[in-house]
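Dumped input.cif below, it's mmCIF, C-alpha atoms:
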```
data_entry
#
loop_
_atom_site.group_PDB
_atom_site.id
_atom_site.type_symbol
_atom_site.label_atom_id
_atom_site.label_comp_id
_atom_site.auth_asym_id
_atom_site.auth_seq_id
_atom_site.Cartn_x
_atom_site.Cartn_y
_atom_site.Cartn_z
ATOM 1 C CA MET A 354 139.079 14.771 27.058
ATOM 2 C CA LEU A 355 141.991 15.002 29.453
ATOM 3 C CA PHE A 356 139.528 14.399 32.285
ATOM 4 C CA LEU A 357 138.271 11.204 30.612
ATOM 5 C CA GLU A 358 141.816 9.923 30.132
ATOM 6 C CA GLN A 359 142.694 10.577 33.757
ATOM 7 C CA LEU A 360 139.419 9.020 34.870
ATOM 8 C CA LEU A 361 140.299 5.846 32.964
ATOM 9 C CA ASN A 362 143.775 5.930 34.499
ATOM 10 C CA GLY A 363 142.084 6.036 37.893
ATOM 11 C CA VAL A 364 139.883 3.080 36.989
ATOM 12 C CA GLN A 365 142.948 1.159 35.819
ATOM 13 C CA LEU A 366 144.742 1.855 39.099
ATOM 14 C CA GLY A 367 141.594 0.904 40.960
ATOM 15 C CA MET A 368 141.462 -2.464 39.210
ATOM 16 C CA MET A 369 145.075 -3.145 40.153
ATOM 17 C CA LEU A 370 144.272 -2.331 43.770
ATOM 18 C CA PHE A 371 141.189 -4.540 43.600
ATOM 19 C CA LEU A 372 143.242 -7.535 42.468
ATOM 20 C CA MET A 373 145.553 -7.016 45.432
ATOM 21 C CA ALA A 374 142.798 -6.278 47.930
ATOM 22 C CA ALA A 375 140.511 -9.139 46.868
ATOM 23 C CA GLY A 376 143.107 -11.769 47.706
ATOM 24 C CA LEU A 377 144.155 -10.097 50.919
ATOM 25 C CA THR A 378 140.599 -9.562 52.158
ATOM 26 C CA LEU A 379 139.803 -13.231 51.509
ATOM 27 C CA ILE A 380 142.845 -14.264 53.542
ATOM 28 C CA PHE A 381 142.042 -11.943 56.426
ATOM 29 C CA GLY A 382 138.330 -12.622 56.314
ATOM 30 C CA ILE A 383 138.562 -16.403 56.658
ATOM 31 C CA MET A 384 141.883 -16.849 58.483
ATOM 32 C CA HIS A 385 141.901 -13.633 60.553
ATOM 33 C CA LEU A 386 145.545 -13.381 59.522
ATOM 34 C CA ILE A 387 147.429 -10.125 58.950
ATOM 35 C CA ASN A 388 149.693 -10.856 56.002
ATOM 36 C CA LEU A 389 152.181 -8.076 55.311
ATOM 37 C CA ALA A 390 153.964 -10.395 52.872
ATOM 38 C CA HIS A 391 151.130 -10.068 50.339
ATOM 39 C CA GLY A 392 153.142 -7.377 48.575
ATOM 40 C CA SER A 393 156.034 -9.823 48.174
ATOM 41 C CA LEU A 394 153.722 -12.157 46.226
ATOM 42 C CA TYR A 395 152.884 -9.199 43.974
ATOM 43 C CA MET A 396 156.629 -8.767 43.393
ATOM 44 C CA VAL A 397 157.061 -12.491 42.660
ATOM 45 C CA GLY A 398 154.291 -12.312 40.070
ATOM 46 C CA ALA A 399 155.929 -9.344 38.351
ATOM 47 C CA TYR A 400 159.403 -10.907 38.229
ATOM 48 C CA PHE A 401 158.225 -14.299 36.994
ATOM 49 C CA THR A 402 155.905 -12.748 34.421
ATOM 50 C CA ALA A 403 158.803 -10.754 32.965
ATOM 51 C CA THR A 404 161.183 -13.735 33.029
ATOM 52 C CA VAL A 405 158.759 -16.245 31.502
ATOM 53 C CA THR A 406 157.649 -13.712 28.893
ATOM 54 C CA VAL A 407 161.244 -13.206 27.731
ATOM 55 C CA MET A 408 161.904 -16.957 27.701
ATOM 56 C CA SER A 409 158.687 -17.943 25.900
ATOM 57 C CA GLY A 410 158.123 -14.849 23.784
ATOM 58 C CA SER A 411 154.478 -14.781 24.909
ATOM 59 C CA PHE A 412 153.044 -12.324 27.412
ATOM 60 C CA ALA A 413 150.021 -14.569 28.006
ATOM 61 C CA ILE A 414 152.266 -17.476 28.993
ATOM 62 C CA GLY A 415 154.351 -15.132 31.110
ATOM 63 C CA LEU A 416 151.259 -13.822 32.924
ATOM 64 C CA PHE A 417 150.091 -17.366 33.603
ATOM 65 C CA GLY A 418 153.561 -18.269 34.848
ATOM 66 C CA GLY A 419 153.575 -15.285 37.192
ATOM 67 C CA CYS A 420 150.218 -16.270 38.691
ATOM 68 C CA VAL A 421 151.302 -19.888 39.171
ATOM 69 C CA ALA A 422 154.644 -18.874 40.700
ATOM 70 C CA ALA A 423 152.938 -16.518 43.163
ATOM 71 C CA ALA A 424 150.343 -19.161 44.061
ATOM 72 C CA CYS A 425 153.078 -21.765 44.656
ATOM 73 C CA CYS A 426 155.022 -19.326 46.828
ATOM 74 C CA GLY A 427 151.809 -18.613 48.708
ATOM 75 C CA VAL A 428 151.287 -22.317 49.395
ATOM 76 C CA LEU A 429 154.852 -22.655 50.687
ATOM 77 C CA ILE A 430 154.457 -19.617 52.935
ATOM 78 C CA GLU A 431 151.151 -20.933 54.292
ATOM 79 C CA LEU A 432 152.503 -24.421 54.977
ATOM 80 C CA LEU A 433 155.830 -23.385 56.456
ATOM 81 C CA ALA A 434 154.920 -20.236 58.373
ATOM 82 C CA MET A 435 151.298 -19.103 58.393
ATOM 83 C CA ARG A 436 149.825 -22.388 59.570
ATOM 84 C CA HIS A 437 151.611 -21.911 62.878
ATOM 85 C CA LEU A 438 150.275 -18.365 63.343
ATOM 86 C CA TYR A 439 146.502 -18.738 63.054
ATOM 87 C CA HIS A 440 145.983 -18.860 66.811
ATOM 88 C CA ARG A 441 148.714 -16.385 67.660
ATOM 89 C CA ASP A 442 148.395 -12.713 68.427
ATOM 90 C CA HIS A 443 148.221 -10.264 65.498
ATOM 91 C CA LEU A 444 151.546 -8.782 66.594
ATOM 92 C CA ASP A 445 153.199 -12.182 66.068
ATOM 93 C CA GLN A 446 151.664 -12.345 62.606
ATOM 94 C CA VAL A 447 152.931 -8.875 61.732
ATOM 95 C CA LEU A 448 156.469 -9.662 62.891
ATOM 96 C CA ALA A 449 156.537 -13.013 61.087
ATOM 97 C CA THR A 450 155.227 -11.654 57.797
ATOM 98 C CA PHE A 451 157.605 -8.687 58.013
ATOM 99 C CA GLY A 452 160.420 -11.218 58.270
ATOM 100 C CA ILE A 453 159.068 -12.908 55.150
ATOM 101 C CA ILE A 454 159.226 -9.549 53.333
ATOM 102 C CA LEU A 455 162.922 -9.172 54.164
ATOM 103 C CA THR A 456 163.625 -12.775 53.156
ATOM 104 C CA ALA A 457 161.722 -12.413 49.876
ATOM 105 C CA ASN A 458 163.540 -9.197 48.967
ATOM 106 C CA GLU A 459 166.960 -10.723 49.566
ATOM 107 C CA ALA A 460 166.022 -13.924 47.728
ATOM 108 C CA THR A 461 164.824 -11.857 44.768
ATOM 109 C CA LYS A 462 168.162 -10.030 44.647
ATOM 110 C CA MET A 463 170.010 -13.343 44.692
ATOM 111 C CA ILE A 464 167.893 -14.886 41.911
ATOM 112 C CA PHE A 465 167.196 -11.952 39.588
ATOM 113 C CA GLY A 466 169.892 -9.469 40.576
ATOM 114 C CA PRO A 467 169.532 -6.013 42.126
ATOM 115 C CA GLN A 468 168.843 -4.192 38.866
ATOM 116 C CA ALA A 469 165.304 -3.323 37.809
ATOM 117 C CA LEU A 470 163.602 -5.195 34.983
ATOM 118 C CA PHE A 471 161.451 -3.607 32.309
ATOM 119 C CA LEU A 472 158.709 -5.309 30.328
ATOM 120 C CA ASN A 473 157.012 -3.945 27.224
ATOM 121 C CA PRO A 474 153.342 -4.606 26.502
ATOM 122 C CA PRO A 475 152.746 -7.326 23.906
ATOM 123 C CA ASP A 476 152.511 -6.169 20.299
ATOM 124 C CA TRP A 477 148.763 -6.770 20.187
ATOM 125 C CA LEU A 478 148.283 -4.399 23.128
ATOM 126 C CA SER A 479 150.890 -1.777 22.288
ATOM 127 C CA GLU A 480 148.541 0.352 20.169
ATOM 128 C CA THR A 481 145.988 2.957 21.219
ATOM 129 C CA VAL A 482 142.215 2.707 21.055
ATOM 130 C CA GLN A 483 139.913 5.562 20.108
ATOM 131 C CA ILE A 484 137.500 5.564 23.049
ATOM 132 C CA LEU A 485 135.992 8.795 21.716
ATOM 133 C CA PRO A 486 136.812 10.885 18.631
ATOM 134 C CA ASP A 487 140.255 12.462 19.108
ATOM 135 C CA THR A 488 140.654 10.614 22.413
ATOM 136 C CA PRO A 489 143.188 7.795 22.046
ATOM 137 C CA TYR A 490 143.861 5.580 25.044
ATOM 138 C CA PRO A 491 146.494 2.850 25.472
ATOM 139 C CA ALA A 492 145.067 -0.572 24.677
ATOM 140 C CA TYR A 493 147.099 -2.191 27.437
ATOM 141 C CA ARG A 494 145.491 -0.061 30.148
ATOM 142 C CA LEU A 495 142.067 -1.039 28.822
ATOM 143 C CA PHE A 496 143.218 -4.662 28.978
ATOM 144 C CA VAL A 497 144.043 -4.206 32.674
ATOM 145 C CA ILE A 498 140.573 -2.750 33.308
ATOM 146 C CA ILE A 499 138.877 -5.621 31.485
ATOM 147 C CA SER A 500 141.012 -8.157 33.353
ATOM 148 C CA GLY A 501 139.882 -6.679 36.658
ATOM 149 C CA ILE A 502 136.230 -6.887 35.599
ATOM 150 C CA VAL A 503 136.645 -10.539 34.565
ATOM 151 C CA VAL A 504 138.290 -11.407 37.901
ATOM 152 C CA ALA A 505 135.512 -9.601 39.812
ATOM 153 C CA LEU A 506 132.841 -11.619 37.984
ATOM 154 C CA PHE A 507 134.807 -14.834 38.570
ATOM 155 C CA LEU A 508 135.122 -14.174 42.307
ATOM 156 C CA ARG A 509 131.445 -13.293 42.590
ATOM 157 C CA HIS A 510 130.492 -16.579 40.956
ATOM 158 C CA LEU A 511 133.018 -18.497 43.053
ATOM 159 C CA ILE A 512 131.815 -17.126 46.378
ATOM 160 C CA THR A 513 128.066 -17.170 45.739
ATOM 161 C CA HIS A 514 127.493 -20.156 43.433
ATOM 162 C CA THR A 515 130.114 -22.822 44.169
ATOM 163 C CA ARG A 516 130.751 -25.347 46.919
ATOM 164 C CA LEU A 517 134.155 -23.804 47.596
ATOM 165 C CA GLY A 518 132.542 -20.405 48.025
ATOM 166 C CA MET A 519 130.064 -21.888 50.484
ATOM 167 C CA LEU A 520 132.952 -23.332 52.499
ATOM 168 C CA ILE A 521 134.801 -20.006 52.395
ATOM 169 C CA ARG A 522 131.771 -18.168 53.790
ATOM 170 C CA ALA A 523 131.137 -20.823 56.391
ATOM 171 C CA GLY A 524 134.785 -21.087 57.383
ATOM 172 C CA ALA A 525 134.953 -17.354 57.996
ATOM 173 C CA THR A 526 132.166 -17.361 60.583
ATOM 174 C CA HIS A 527 131.677 -20.969 61.763
ATOM 175 C CA ARG A 528 135.093 -22.572 61.559
ATOM 176 C CA GLU A 529 134.416 -25.196 64.245
ATOM 177 C CA MET A 530 131.141 -26.278 62.610
ATOM 178 C CA VAL A 531 132.863 -26.717 59.228
ATOM 179 C CA THR A 532 135.470 -28.919 60.899
ATOM 180 C CA ALA A 533 132.807 -30.903 62.777
ATOM 181 C CA LEU A 534 131.036 -31.645 59.503
ATOM 182 C CA GLY A 535 134.165 -33.406 58.273
ATOM 183 C CA PHE A 536 135.716 -30.761 56.030
ATOM 184 C CA ASN A 537 139.480 -30.268 56.120
ATOM 185 C CA ILE A 538 139.728 -26.667 57.272
ATOM 186 C CA SER A 539 143.526 -26.702 56.924
ATOM 187 C CA LEU A 540 143.204 -27.615 53.242
ATOM 188 C CA LEU A 541 140.603 -24.877 52.796
ATOM 189 C CA PHE A 542 143.014 -22.358 54.318
ATOM 190 C CA THR A 543 145.747 -23.457 51.918
ATOM 191 C CA VAL A 544 143.420 -23.151 48.911
ATOM 192 C CA VAL A 545 142.270 -19.672 49.943
ATOM 193 C CA PHE A 546 145.842 -18.547 50.560
ATOM 194 C CA ALA A 547 146.897 -19.872 47.141
ATOM 195 C CA LEU A 548 143.965 -18.066 45.505
ATOM 196 C CA GLY A 549 144.872 -14.800 47.203
ATOM 197 C CA ALA A 550 148.529 -15.234 46.276
ATOM 198 C CA GLY A 551 147.600 -15.954 42.652
ATOM 199 C CA LEU A 552 145.556 -12.754 42.475
ATOM 200 C CA ALA A 553 148.511 -10.805 43.872
ATOM 201 C CA GLY A 554 150.731 -12.444 41.243
ATOM 202 C CA LEU A 555 148.253 -11.475 38.524
ATOM 203 C CA ALA A 556 148.316 -7.868 39.732
ATOM 204 C CA GLY A 557 152.123 -7.897 39.697
ATOM 205 C CA GLY A 558 152.235 -9.400 36.225
ATOM 206 C CA LEU A 559 149.809 -6.820 34.861
ATOM 207 C CA ALA A 560 151.845 -4.049 36.499
ATOM 208 C CA GLY A 561 155.046 -5.203 34.769
ATOM 209 C CA PRO A 562 154.534 -3.252 31.514
ATOM 210 C CA LEU A 563 153.439 -0.157 33.465
ATOM 211 C CA LEU A 564 156.080 0.069 36.202
ATOM 212 C CA ALA A 565 159.710 -0.796 36.785
ATOM 213 C CA ILE A 566 159.983 -4.310 38.216
ATOM 214 C CA GLU A 567 162.273 -3.956 41.196
ATOM 215 C CA VAL A 568 162.981 -5.321 44.630
ATOM 216 C CA GLY A 569 160.574 -3.926 47.213
ATOM 217 C CA MET A 570 157.912 -2.912 44.703
ATOM 218 C CA GLY A 571 155.300 -4.780 46.717
ATOM 219 C CA GLU A 572 155.610 -2.530 49.750
ATOM 220 C CA GLN A 573 154.654 0.505 47.674
ATOM 221 C CA ILE A 574 151.244 -0.872 46.745
ATOM 222 C CA LEU A 575 150.582 -2.714 50.011
ATOM 223 C CA ILE A 576 149.697 0.460 51.922
ATOM 224 C CA LEU A 577 147.111 1.439 49.312
ATOM 225 C CA THR A 578 145.773 -2.114 49.430
ATOM 226 C CA PHE A 579 145.138 -1.897 53.170
ATOM 227 C CA VAL A 580 143.371 1.437 52.641
ATOM 228 C CA VAL A 581 141.114 -0.242 50.069
ATOM 229 C CA ILE A 582 140.290 -3.115 52.445
ATOM 230 C CA ILE A 583 139.470 -0.755 55.306
ATOM 231 C CA ILE A 584 137.203 1.400 53.139
ATOM 232 C CA GLY A 585 135.505 -1.531 51.426
ATOM 233 C CA GLY A 586 135.008 -3.645 54.545
ATOM 234 C CA ILE A 587 137.141 -6.555 55.689
ATOM 235 C CA GLY A 588 136.091 -9.782 53.990
ATOM 236 C CA SER A 589 133.990 -8.168 51.249
ATOM 237 C CA VAL A 590 135.050 -8.736 47.642
ATOM 238 C CA LYS A 591 132.406 -6.273 46.440
ATOM 239 C CA GLY A 592 133.761 -3.760 48.921
ATOM 240 C CA ALA A 593 137.284 -4.335 47.605
ATOM 241 C CA LEU A 594 136.089 -3.585 44.066
ATOM 242 C CA VAL A 595 134.144 -0.429 44.962
ATOM 243 C CA ALA A 596 136.832 0.870 47.310
ATOM 244 C CA GLY A 597 139.601 0.055 44.826
ATOM 245 C CA LEU A 598 137.882 2.115 42.146
ATOM 246 C CA LEU A 599 137.200 4.921 44.620
ATOM 247 C CA VAL A 600 140.816 5.063 45.812
ATOM 248 C CA GLY A 601 142.243 4.787 42.300
ATOM 249 C CA ILE A 602 140.045 7.558 40.901
ATOM 250 C CA VAL A 603 140.515 9.917 43.865
ATOM 251 C CA ASP A 604 144.287 9.439 43.879
ATOM 252 C CA THR A 605 144.658 9.899 40.110
ATOM 253 C CA LEU A 606 142.327 12.877 39.718
ATOM 254 C CA SER A 607 143.719 14.711 42.732
ATOM 255 C CA ARG A 608 147.278 14.380 41.450
ATOM 256 C CA ALA A 609 146.263 15.411 37.924
ATOM 257 C CA PHE A 610 143.979 18.386 38.553
ATOM 258 C CA LEU A 611 144.581 19.703 42.063
ATOM 259 C CA PRO A 612 147.738 21.681 41.087
ATOM 260 C CA THR A 613 145.839 23.482 38.317
ATOM 261 C CA LEU A 614 142.918 24.224 40.633
ATOM 262 C CA LEU A 615 145.123 25.640 43.384
ATOM 263 C CA LYS A 616 147.066 27.807 40.920
ATOM 264 C CA THR A 617 143.901 29.806 40.353
ATOM 265 C CA MET A 618 143.988 30.847 44.021
ATOM 266 C CA LEU A 619 147.673 30.723 45.045
ATOM 267 C CA PRO A 620 151.106 31.557 43.602
ATOM 268 C CA THR A 621 152.532 28.776 41.430
ATOM 269 C CA ALA A 622 155.229 27.650 43.870
ATOM 270 C CA SER A 623 152.835 27.546 46.820
ATOM 271 C CA ALA A 624 150.151 25.810 44.765
ATOM 272 C CA ASP A 625 152.535 23.067 43.605
ATOM 273 C CA ALA A 626 153.800 22.411 47.123
ATOM 274 C CA LEU A 627 150.315 22.369 48.644
ATOM 275 C CA ALA A 628 148.893 20.239 45.830
ATOM 276 C CA GLY A 629 151.582 17.611 46.311
ATOM 277 C CA SER A 630 150.823 17.334 50.008
ATOM 278 C CA VAL A 631 147.032 17.365 49.699
ATOM 279 C CA SER A 632 146.950 14.864 46.817
ATOM 280 C CA SER A 633 149.103 12.478 48.838
ATOM 281 C CA MET A 634 146.611 12.745 51.713
ATOM 282 C CA ALA A 635 143.450 12.561 49.585
ATOM 283 C CA ILE A 636 142.829 8.833 49.894
ATOM 284 C CA TYR A 637 143.426 8.911 53.650
ATOM 285 C CA ILE A 638 140.943 11.751 53.977
ATOM 286 C CA VAL A 639 138.422 9.634 52.069
ATOM 287 C CA MET A 640 139.169 6.685 54.371
ATOM 288 C CA ALA A 641 138.608 8.840 57.455
ATOM 289 C CA LEU A 642 135.295 10.147 56.121
ATOM 290 C CA VAL A 643 134.069 6.628 55.310
ATOM 291 C CA LEU A 644 135.035 5.338 58.757
ATOM 292 C CA ILE A 645 133.216 8.230 60.451
ATOM 293 C CA VAL A 646 129.995 7.269 58.667
ATOM 294 C CA ARG A 647 130.490 3.481 58.518
ATOM 295 C CA PRO A 648 133.191 2.218 60.902
ATOM 296 C CA GLU A 649 132.826 -1.331 59.534
ATOM 297 C CA GLY A 650 133.486 -0.183 55.944
ATOM 298 C CA LEU A 651 131.158 0.144 52.964
ATOM 299 C CA TYR A 652 130.080 -3.522 52.846
ATOM 300 C CA ARG A 653 129.764 -6.442 55.227
ATOM 301 C CA ALA A 654 132.027 -9.483 55.030
ATOM 302 C CA TYR A 655 131.546 -11.469 51.816
ATOM 303 C CA GLY A 656 129.030 -9.022 50.552
ATOM 304 C CA THR A 657 128.633 -9.394 46.791
#
```
Using structure tokens, write down the structure from this file.
Amino acid sequence: MLFLEQLLNGVQLGMMLFLMAAGLTLIFGIMHLINLAHGSLYMVGAYFTATVTVMSGSFAIGLFGGCVAAACCGVLIELLAMRHLYHRDHLDQVLATFGIILTANEATKMIFGPQALFLNPPDWLSETVQILPDTPYPAYRLFVIISGIVVALFLRHLITHTRLGMLIRAGATHREMVTALGFNISLLFTVVFALGAGLAGLAGGLAGPLLAIEVGMGEQILILTFVVIIIGGIGSVKGALVAGLLVGIVDTLSRAFLPTLLKTMLPTASADALAGSVSSMAIYIVMALVLIVRPEGLYRAYGT
């Protein structure tokens, strides 16, 4: 039963990574923009979710407020900075978005203070659920998993069955043709950036009851997010979902069970040291193996 619990923990982490990666892969896929500041939007979502939840007494309102705040910040970033970087070199984009990270961290300290915030799950999600006899599992973690599934279904419908999704797919590959047909490509970019920022804010808000909400928390998950995008395939939402689950499960299971496995072959001290190193490398080993077989990632751009 411990394996099942850890497996679900991996799925929950994978869904968090999917929410981050889905927005970022949309932004990169259509705008060809490297946005290191995506983690800062995750941090904004977490801080505003905690603040609005305390003020309103409702976690649902707080989560909505975190998504809206992140989306609004995303629009401001796109209008004031990103719009001037679309035709610039990727190095310029990296430097500019790194500057946004530093600015966002300092602004967060000024507004919310340097101390970490902590947010409890709402009362209706603070219990455990019996997934199997004698196997309780936190209801809030199941809520995160279900939220990720709902977002995945929403994005699939958006991209494959709506006019906006058609424009997103067309804008990613035939930007000039979309403009020639009379569509405002700049407005489309802003909408996509706001959508990606809102998903990052949702991920941050959902992470609030699980992690300490602190300055710089976005950088910790951003590296894993890029690993997910590379494995899944740049521009593919389906790839982001599959790769997010793969990374989350591999990372969680390796950290949970690798020490025990190595202790059967090595002394305890050596096993613990080796397990810590290998488990930290596990997802990068998976990434390397995937790239050897499929250099473009598991799925093509906008594969669903």
Residue by residue, what does the PyMOL selection byres ((chain A and resi 373) around 9) grab here? Present the result as a PDB file with C-alpha atoms, keeping the file's coordinate frame.
```
ATOM      1  CA  MET A 368     141.462  -2.464  39.210  1.00  0.00           C
ATOM      2  CA  MET A 369     145.075  -3.145  40.153  1.00  0.00           C
ATOM      3  CA  LEU A 370     144.272  -2.331  43.770  1.00  0.00           C
ATOM      4  CA  PHE A 371     141.189  -4.540  43.600  1.00  0.00           C
ATOM      5  CA  LEU A 372     143.242  -7.535  42.468  1.00  0.00           C
ATOM      6  CA  ALA A 374     142.798  -6.278  47.930  1.00  0.00           C
ATOM      7  CA  ALA A 375     140.511  -9.139  46.868  1.00  0.00           C
ATOM      8  CA  GLY A 376     143.107 -11.769  47.706  1.00  0.00           C
ATOM      9  CA  LEU A 377     144.155 -10.097  50.919  1.00  0.00           C
ATOM     10  CA  THR A 378     140.599  -9.562  52.158  1.00  0.00           C
ATOM     11  CA  HIS A 391     151.130 -10.068  50.339  1.00  0.00           C
ATOM     12  CA  GLY A 392     153.142  -7.377  48.575  1.00  0.00           C
ATOM     13  CA  TYR A 395     152.884  -9.199  43.974  1.00  0.00           C
ATOM     14  CA  GLY A 549     144.872 -14.800  47.203  1.00  0.00           C
ATOM     15  CA  ALA A 550     148.529 -15.234  46.276  1.00  0.00           C
ATOM     16  CA  LEU A 552     145.556 -12.754  42.475  1.00  0.00           C
ATOM     17  CA  ALA A 553     148.511 -10.805  43.872  1.00  0.00           C
ATOM     18  CA  GLY A 554     150.731 -12.444  41.243  1.00  0.00           C
ATOM     19  CA  LEU A 555     148.253 -11.475  38.524  1.00  0.00           C
ATOM     20  CA  ALA A 556     148.316  -7.868  39.732  1.00  0.00           C
ATOM     21  CA  GLY A 557     152.123  -7.897  39.697  1.00  0.00           C
ATOM     22  CA  ILE A 574     151.244  -0.872  46.745  1.00  0.00           C
ATOM     23  CA  LEU A 575     150.582  -2.714  50.011  1.00  0.00           C
ATOM     24  CA  THR A 578     145.773  -2.114  49.430  1.00  0.00           C
ATOM     25  CA  ALA A 593     137.284  -4.335  47.605  1.00  0.00           C
TER      26      ALA A 593
END
```
> So what does the PyMOL selection byres ((chain A and resi 541-545) around 8) actually pick up in this one, as a ChimeraX atom specification?
Replying inline: /A:379-380,383-384,428,431-432,520-521,537-540,546-549
> Can you list, as a PyMOL selection string, every protein, DNA or RNA residue that comes within 12 Å of Leu599 in chain A when you count all atoms listed in the file, leaving out same-chain residues fewer than 2 positions away?
Replying inline: chain A and resi 360+363-368+370-371+577+580-582+584-585+592-597+601-607+635-637+639-640+643+651
>> Which polymer residues, whether protein, DNA or RNA, lie within 12 Å of the coordinate (148.2, -15.6, 61.8) when you count all atoms listed in the file? List them as a ChimeraX atom specification, using the chain letters and numbers from the file.
In response: /A:380-390,430-432,434-450,542,546
> Just so the selection is clear, what residues does the PyMOL selection byres ((chain A and resi 407-421) around 10) cover here, as a ChimeraX atom specification?
Replying inline: /A:394-406,422-427,472-476,547-548,550-559,561
>> Please report the interatomic distance between CA of Ala565 in chain A and CA of Gly466 in chain A in Å with one decimal.
In response: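 CA of Ala565 in chain A sits 13.9 Å away from CA of Gly466 in chain A.
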> What does the distance between CA of Thr515 in chain A and CA of Leu433 in chain A come to in Å, to one decimal place?
Replying inline: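 Computing it gives 28.5 Å between the two atoms.
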>> Calculated over all atoms listed in the file, which of the candidates A:Ala523, A:Leu495, A:Ala609, A:Leu470 has the smallest distance to Gln359 in chain A?
In response: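 Ranked by minimum distance to Gln359 in chain A, first place goes to A:Ala609.
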>> Residues near Asn458 in chain A, anyone? I mean within 12 Å using only C-alpha atoms, not counting same-chain ones fewer than 2 positions away, as a ChimeraX atom specification.
In response: /A:390,392-397,400,451-456,460-467,567-572
>> List as a ChimeraX atom specification the protein and nucleic acid residues near Thr613 in chain A, meaning an atom at most 9 Å away when all atoms listed in the file are counted, but skip any in the same chain fewer than 3 places from it.
In response: /A:609-610,616-617,624-625,628
>> Just the number, please: distance in Å from CA of Tyr652 in chain A to CA of Gly586 in chain A, one decimal.
In response: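 Atom-to-atom, CA of Tyr652 in chain A to CA of Gly586 in chain A, that is 5.2 Å.
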> When distances are computed from only C-alpha atoms, which of A:Val590, A:Val646, A:Leu627, A:Ala641 shows the smallest separation from Thr513 in chain A?
Replying inline: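 Among A:Val590, A:Val646, A:Leu627, A:Ala641, it is A:Val590 that comes nearest to Thr513 in chain A.
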> For Ile502 in chain A, which of A:Leu598, A:Gly588, A:Ser479, A:Tyr490 is the closest residue, counting all atoms listed in the file?
Replying inline: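 The closest residue to Ile502 in chain A is A:Leu598.
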> Got a sec: who's within 9 Å of Leu478 in chain A, counting all atoms listed in the file, leaving out chain neighbours fewer than 2 positions off, as a ChimeraX atom specification?
Replying inline: /A:474-476,480-481,491-494,496
Convert the current residue selection to file output with C-alpha atoms, as an mmCIF file, in the coordinates of the input.
```
data_model
loop_
_atom_site.group_PDB
_atom_site.id
_atom_site.type_symbol
_atom_site.label_atom_id
_atom_site.label_comp_id
_atom_site.auth_asym_id
_atom_site.auth_seq_id
_atom_site.Cartn_x
_atom_site.Cartn_y
_atom_site.Cartn_z
ATOM 1 C CA PRO A 474 153.342 -4.606 26.502
ATOM 2 C CA PRO A 475 152.746 -7.326 23.906
ATOM 3 C CA ASP A 476 152.511 -6.169 20.299
ATOM 4 C CA GLU A 480 148.541 0.352 20.169
ATOM 5 C CA THR A 481 145.988 2.957 21.219
ATOM 6 C CA PRO A 491 146.494 2.850 25.472
ATOM 7 C CA ALA A 492 145.067 -0.572 24.677
ATOM 8 C CA TYR A 493 147.099 -2.191 27.437
ATOM 9 C CA ARG A 494 145.491 -0.061 30.148
ATOM 10 C CA PHE A 496 143.218 -4.662 28.978
#
```
